[in-house]
Amino acid sequence: MKVAENKNAKRQGTGFLDVLFSSFKSNDLPIIDIMPYKSITKEGYLLNKQNEYQAYLKVKTADLVSMNNSDLNRMIQQLTGLCRVYLEPLKIVAMTYSTETTQQQAYWKGRINQYRKLLSKGLSDVEHVRHEVMLKLALDNLRRVTWVEEALSELTFFIVCYGKNKKEIETHVRDILRLGGKHFNLQKVDKKNIENVLFRLNNMNTEL
(Lines give C-alpha, C1' and ligand atoms only; values in the text may rest on other atoms or scores of the structure.)
Protein backbone atom coordinates (compact mmCIF):
# COMPACT_ATOMS: atom_id res chain seq x y z
CA MET A 1 0.00 0.00 0.00
CA LYS A 2 2.78 2.39 0.84
CA VAL A 3 4.63 1.51 -2.35
CA ALA A 4 1.56 2.28 -4.43
CA GLU A 5 1.16 5.60 -2.68
CA ASN A 6 4.80 6.51 -3.36
CA LYS A 7 4.49 5.66 -7.05
CA ASN A 8 1.34 7.72 -7.30
CA ALA A 9 3.00 10.65 -5.56
CA LYS A 10 5.99 10.35 -7.85
CA ARG A 11 3.74 10.43 -10.90
CA GLN A 12 1.88 13.45 -9.59
CA GLY A 13 5.11 15.26 -8.75
CA THR A 14 6.59 14.64 -12.17
CA GLY A 15 3.48 15.98 -13.86
CA PHE A 16 3.51 19.12 -11.73
CA LEU A 17 7.19 19.79 -12.52
CA ASP A 18 6.57 19.33 -16.23
CA VAL A 19 3.83 21.95 -16.12
CA LEU A 20 5.96 24.26 -13.99
CA PHE A 21 9.05 24.09 -16.18
CA SER A 22 7.05 24.36 -19.38
CA SER A 23 5.92 27.82 -18.32
CA PHE A 24 9.55 28.97 -18.43
CA LYS A 25 10.20 27.66 -21.92
CA SER A 26 10.58 30.38 -24.50
CA ASN A 27 7.87 30.48 -27.10
CA ASP A 28 9.32 31.73 -30.35
CA LEU A 29 6.95 34.06 -32.12
CA PRO A 30 7.09 35.14 -35.76
CA ILE A 31 8.78 38.52 -36.16
CA ILE A 32 5.60 39.92 -37.72
CA ASP A 33 3.82 39.28 -34.38
CA ILE A 34 6.53 41.06 -32.40
CA MET A 35 7.23 44.09 -34.54
CA PRO A 36 4.54 46.79 -34.44
CA TYR A 37 5.05 47.64 -38.14
CA LYS A 38 3.50 46.17 -41.24
CA SER A 39 5.57 47.75 -43.97
CA ILE A 40 7.72 50.64 -45.16
CA THR A 41 6.40 52.84 -47.94
CA LYS A 42 8.55 53.93 -50.85
CA GLU A 43 8.78 57.39 -49.24
CA GLY A 44 10.29 55.88 -46.08
CA TYR A 45 7.19 56.09 -43.88
CA LEU A 46 6.52 53.29 -41.40
CA LEU A 47 3.05 51.77 -41.49
CA ASN A 48 2.04 50.15 -38.20
CA LYS A 49 -0.57 47.48 -37.48
CA GLN A 50 -3.23 50.14 -36.92
CA ASN A 51 -2.57 51.46 -40.45
CA GLU A 52 -1.11 54.68 -39.06
CA TYR A 53 2.10 56.30 -40.26
CA GLN A 54 5.40 57.29 -38.65
CA ALA A 55 8.31 59.28 -40.07
CA TYR A 56 11.85 59.55 -38.72
CA LEU A 57 13.75 62.82 -39.14
CA LYS A 58 17.47 62.71 -38.44
CA VAL A 59 18.91 65.59 -36.43
CA LYS A 60 22.30 67.04 -37.32
CA THR A 61 24.91 65.85 -34.84
CA ALA A 62 26.33 68.63 -32.67
CA ASP A 63 29.07 68.53 -30.04
CA LEU A 64 27.14 69.98 -27.11
CA VAL A 65 30.07 69.57 -24.71
CA SER A 66 32.35 71.90 -26.65
CA MET A 67 29.64 74.52 -27.30
CA ASN A 68 29.86 77.84 -25.50
CA ASN A 69 26.93 78.86 -23.31
CA SER A 70 25.51 81.24 -25.90
CA ASP A 71 25.31 78.62 -28.67
CA LEU A 72 24.00 75.98 -26.27
CA ASN A 73 21.26 78.27 -24.96
CA ARG A 74 20.29 79.20 -28.52
CA MET A 75 19.92 75.52 -29.47
CA ILE A 76 17.83 74.85 -26.36
CA GLN A 77 15.58 77.80 -27.20
CA GLN A 78 15.19 76.59 -30.77
CA LEU A 79 14.12 73.12 -29.59
CA THR A 80 11.77 74.68 -27.03
CA GLY A 81 10.26 76.87 -29.75
CA LEU A 82 9.71 73.87 -32.02
CA CYS A 83 7.92 71.95 -29.26
CA ARG A 84 5.73 74.98 -28.47
CA VAL A 85 4.64 75.65 -32.04
CA TYR A 86 4.32 72.07 -33.28
CA LEU A 87 1.31 70.82 -31.32
CA GLU A 88 1.05 67.28 -32.72
CA PRO A 89 2.61 64.28 -30.91
CA LEU A 90 6.31 63.70 -31.50
CA LYS A 91 9.07 61.66 -29.94
CA ILE A 92 12.84 62.18 -29.72
CA VAL A 93 14.91 59.01 -30.04
CA ALA A 94 18.61 58.85 -29.13
CA MET A 95 20.86 55.95 -30.08
CA THR A 96 24.32 55.12 -31.33
CA TYR A 97 24.35 54.95 -35.11
CA SER A 98 26.95 54.60 -37.80
CA THR A 99 28.64 57.86 -38.76
CA GLU A 100 27.28 59.06 -42.10
CA THR A 101 29.85 60.28 -44.63
CA THR A 102 27.75 60.11 -47.79
CA GLN A 103 28.50 63.70 -48.85
CA GLN A 104 32.22 63.34 -48.21
CA GLN A 105 32.34 60.10 -50.18
CA ALA A 106 30.51 61.69 -53.12
CA TYR A 107 32.93 64.64 -53.05
CA TRP A 108 36.07 62.49 -53.15
CA LYS A 109 34.60 60.16 -55.78
CA GLY A 110 34.01 63.21 -57.98
CA ARG A 111 37.60 64.34 -57.44
CA ILE A 112 38.91 60.89 -58.30
CA ASN A 113 36.97 60.82 -61.57
CA GLN A 114 38.19 64.32 -62.37
CA TYR A 115 41.86 63.45 -61.81
CA ARG A 116 41.60 60.22 -63.79
CA LYS A 117 40.11 62.06 -66.76
CA LEU A 118 42.94 64.60 -66.64
CA LEU A 119 45.55 61.84 -66.46
CA SER A 120 44.08 60.21 -69.57
CA LYS A 121 44.87 63.36 -71.54
CA GLY A 122 48.23 64.47 -72.85
CA LEU A 123 49.87 66.34 -69.98
CA SER A 124 53.36 67.53 -69.40
CA ASP A 125 55.52 65.43 -67.09
CA VAL A 126 55.17 67.94 -64.27
CA GLU A 127 51.39 68.13 -64.61
CA HIS A 128 51.13 64.33 -64.85
CA VAL A 129 53.10 63.83 -61.64
CA ARG A 130 51.07 66.53 -59.86
CA HIS A 131 47.74 64.98 -60.79
CA GLU A 132 48.98 61.50 -59.85
CA VAL A 133 49.78 62.83 -56.38
CA MET A 134 46.36 64.50 -56.12
CA LEU A 135 44.67 61.28 -57.28
CA LYS A 136 46.50 59.30 -54.59
CA LEU A 137 45.44 61.81 -51.93
CA ALA A 138 41.82 61.64 -53.11
CA LEU A 139 41.87 57.83 -52.99
CA ASP A 140 43.32 57.92 -49.47
CA ASN A 141 40.65 60.38 -48.33
CA LEU A 142 37.89 58.24 -49.84
CA ARG A 143 39.19 55.17 -48.02
CA ARG A 144 39.37 57.18 -44.81
CA VAL A 145 35.81 58.52 -44.87
CA THR A 146 34.49 55.11 -45.96
CA TRP A 147 36.26 53.48 -43.01
CA VAL A 148 34.80 56.07 -40.63
CA GLU A 149 31.26 55.20 -41.77
CA GLU A 150 31.85 51.46 -41.54
CA ALA A 151 33.81 51.33 -38.28
CA LEU A 152 32.76 54.27 -36.10
CA SER A 153 29.46 55.18 -34.51
CA GLU A 154 28.13 58.34 -32.93
CA LEU A 155 25.26 59.39 -30.69
CA THR A 156 22.46 60.23 -33.10
CA PHE A 157 19.06 61.81 -32.49
CA PHE A 158 15.84 61.34 -34.45
CA ILE A 159 12.54 63.19 -34.25
CA VAL A 160 9.61 60.86 -34.83
CA CYS A 161 6.29 62.29 -35.99
CA TYR A 162 2.97 60.55 -36.57
CA GLY A 163 -0.02 60.65 -38.87
CA LYS A 164 -3.30 58.77 -39.15
CA ASN A 165 -2.97 58.62 -42.94
CA LYS A 166 -0.46 59.42 -45.65
CA LYS A 167 -1.74 62.93 -46.24
CA GLU A 168 -1.52 63.75 -42.55
CA ILE A 169 2.03 62.39 -42.11
CA GLU A 170 3.19 64.37 -45.14
CA THR A 171 1.68 67.53 -43.62
CA HIS A 172 3.33 66.88 -40.25
CA VAL A 173 6.72 66.20 -41.81
CA ARG A 174 6.43 69.38 -43.85
CA ASP A 175 5.51 71.37 -40.72
CA ILE A 176 8.46 70.07 -38.69
CA LEU A 177 10.88 70.71 -41.54
CA ARG A 178 9.53 74.24 -41.86
CA LEU A 179 9.77 74.92 -38.13
CA GLY A 180 13.04 73.20 -37.27
CA GLY A 181 14.61 71.95 -40.45
CA LYS A 182 17.04 74.84 -40.78
CA HIS A 183 18.06 74.99 -37.11
CA PHE A 184 18.66 71.25 -36.72
CA ASN A 185 19.40 70.37 -40.35
CA LEU A 186 16.60 67.80 -40.28
CA GLN A 187 16.70 65.10 -42.94
CA LYS A 188 13.88 62.61 -43.44
CA VAL A 189 15.21 59.07 -43.23
CA ASP A 190 14.63 57.28 -46.53
CA LYS A 191 13.42 53.72 -47.08
CA LYS A 192 16.91 52.21 -47.21
CA ASN A 193 18.15 53.79 -43.98
CA ILE A 194 14.93 53.38 -41.97
CA GLU A 195 15.56 49.63 -42.01
CA ASN A 196 18.95 50.23 -40.36
CA VAL A 197 17.33 52.48 -37.76
CA LEU A 198 14.72 49.85 -36.89
CA PHE A 199 17.37 47.15 -36.69
CA ARG A 200 19.42 49.28 -34.32
CA LEU A 201 16.43 50.14 -32.13
CA ASN A 202 15.52 46.46 -31.75
CA ASN A 203 19.10 45.18 -31.40
CA MET A 204 20.73 47.69 -29.09
CA ASN A 205 23.61 45.34 -28.19
CA THR A 206 24.45 44.58 -31.80
CA GLU A 207 26.83 46.69 -33.87
CA LEU A 208 25.70 47.66 -37.35
# chains A, B, ... in the order shown; residues from 1 in each chain; ligands from 1
>>> residues_around(residues="Ile176 (chain A)", least_positions_apart="2", cutoff="12 Å", atoms="only C-alpha atoms", output="MDAnalysis selection string")
chainID A and resid 55:59 79 81:90 159:162 169:174 178:188
>>> residues_around(residues="region 124-137 of chain A", least_positions_apart="4", cutoff="9 Å", atoms="only C-alpha atoms", output="list in words")
Arg111, Ile112, Asn113, Gln114, Tyr115, Arg116, Leu118, Leu119, Asn141 and Leu142 of chain A
>>> select_by_dssp(residues="region 11-196 of chain A", states="helix (DSSP H, G or I)", output="ChimeraX atom specification")
/A:11-22,31-34,69-85,102-119,125-151,166-184,191-196
>>> closest_residue(among="A:Leu47, A:Leu152, A:Ile92, A:Leu139", to="Ala106 (chain A)", atoms="only C-alpha atoms")
A:Leu139
>>> residues_around(residues="Leu46 (chain A)", least_positions_apart="3", cutoff="12 Å", atoms="only C-alpha atoms", output="count of residues only")
34
>>> atom_distance(atom1="CA of Leu177 (chain A)", atom2="CA of Glu150 (chain A)")
28.5 Å
>>> closest_residue(among="A:Thr102, A:Thr156, A:Asn69, A:Thr96", to="Arg200 (chain A)", atoms="only C-alpha atoms")
A:Thr96
>>> residues_around(residues="Gln105 (chain A)", least_positions_apart="4", cutoff="8 Å", atoms="only C-alpha atoms", output="list in words")
Thr101, Lys109, Leu142, Val145 and Thr146 of chain A
>>> write_last_selection(atoms="all heavy atoms", output="CSV table (one decimal), in the first residue's frame")
chain,number,residue,atom,x,y,z
A,101,THR,N,28.9,59.5,-43.9
A,101,THR,CA,29.8,60.3,-44.6
A,101,THR,C,29.5,60.3,-46.1
A,101,THR,O,30.4,60.3,-47.0
A,101,THR,CB,31.3,59.7,-44.4
A,101,THR,OG1,31.3,58.4,-44.9
A,101,THR,CG2,31.7,59.8,-43.0
A,109,LYS,N,34.8,60.9,-54.6
A,109,LYS,CA,34.6,60.2,-55.8
A,109,LYS,C,34.6,61.1,-57.0
A,109,LYS,O,35.1,60.7,-58.1
A,109,LYS,CB,33.3,59.4,-55.7
A,109,LYS,CG,33.3,58.2,-54.8
A,109,LYS,CD,32.0,57.5,-54.7
A,109,LYS,CE,32.0,56.3,-53.7
A,109,LYS,NZ,30.7,55.7,-53.6
A,142,LEU,N,39.1,59.0,-49.6
A,142,LEU,CA,37.9,58.2,-49.8
A,142,LEU,C,37.9,57.0,-49.0
A,142,LEU,O,36.9,56.6,-48.3
A,142,LEU,CB,37.8,57.8,-51.3
A,142,LEU,CG,36.5,56.9,-51.6
A,142,LEU,CD1,35.2,57.6,-51.3
A,142,LEU,CD2,36.6,56.5,-53.1
A,145,VAL,N,37.2,58.2,-45.2
A,145,VAL,CA,35.8,58.5,-44.9
A,145,VAL,C,34.9,57.3,-45.0
A,145,VAL,O,33.9,57.2,-44.2
A,145,VAL,CB,35.3,59.7,-45.8
A,145,VAL,CG1,36.0,61.0,-45.5
A,145,VAL,CG2,35.3,59.3,-47.2
A,146,THR,N,35.2,56.4,-45.9
A,146,THR,CA,34.5,55.1,-46.0
A,146,THR,C,34.7,54.3,-44.7
A,146,THR,O,33.8,53.7,-44.2
A,146,THR,CB,34.9,54.3,-47.2
A,146,THR,OG1,34.7,55.1,-48.4
A,146,THR,CG2,34.1,53.0,-47.3
>>> closest_residue(among="A:Asn203, A:Ala94, A:Leu72, A:Tyr107", to="Phe158 (chain A)", atoms="only C-alpha atoms")
A:Ala94
>>> select_by_dssp(residues="region 24-184 of chain A", states="strand (DSSP E)", output="JSON, numbers by chain")
{"A": [37, 38, 39, 40, 46, 47, 48, 53, 54, 55, 56, 57, 58, 90, 91, 92, 93, 94, 95, 96, 97, 98, 153, 154, 155, 156, 157, 158, 159, 160, 161, 162, 163]}
>>> closest_residue(among="A:Met67, A:Val148, A:Ile76, A:Leu201", to="Gln104 (chain A)", atoms="only C-alpha atoms")
A:Val148
>>> atom_distance(atom1="CA of Phe157 (chain A)", atom2="CA of Thr99 (chain A)")
12.1 Å
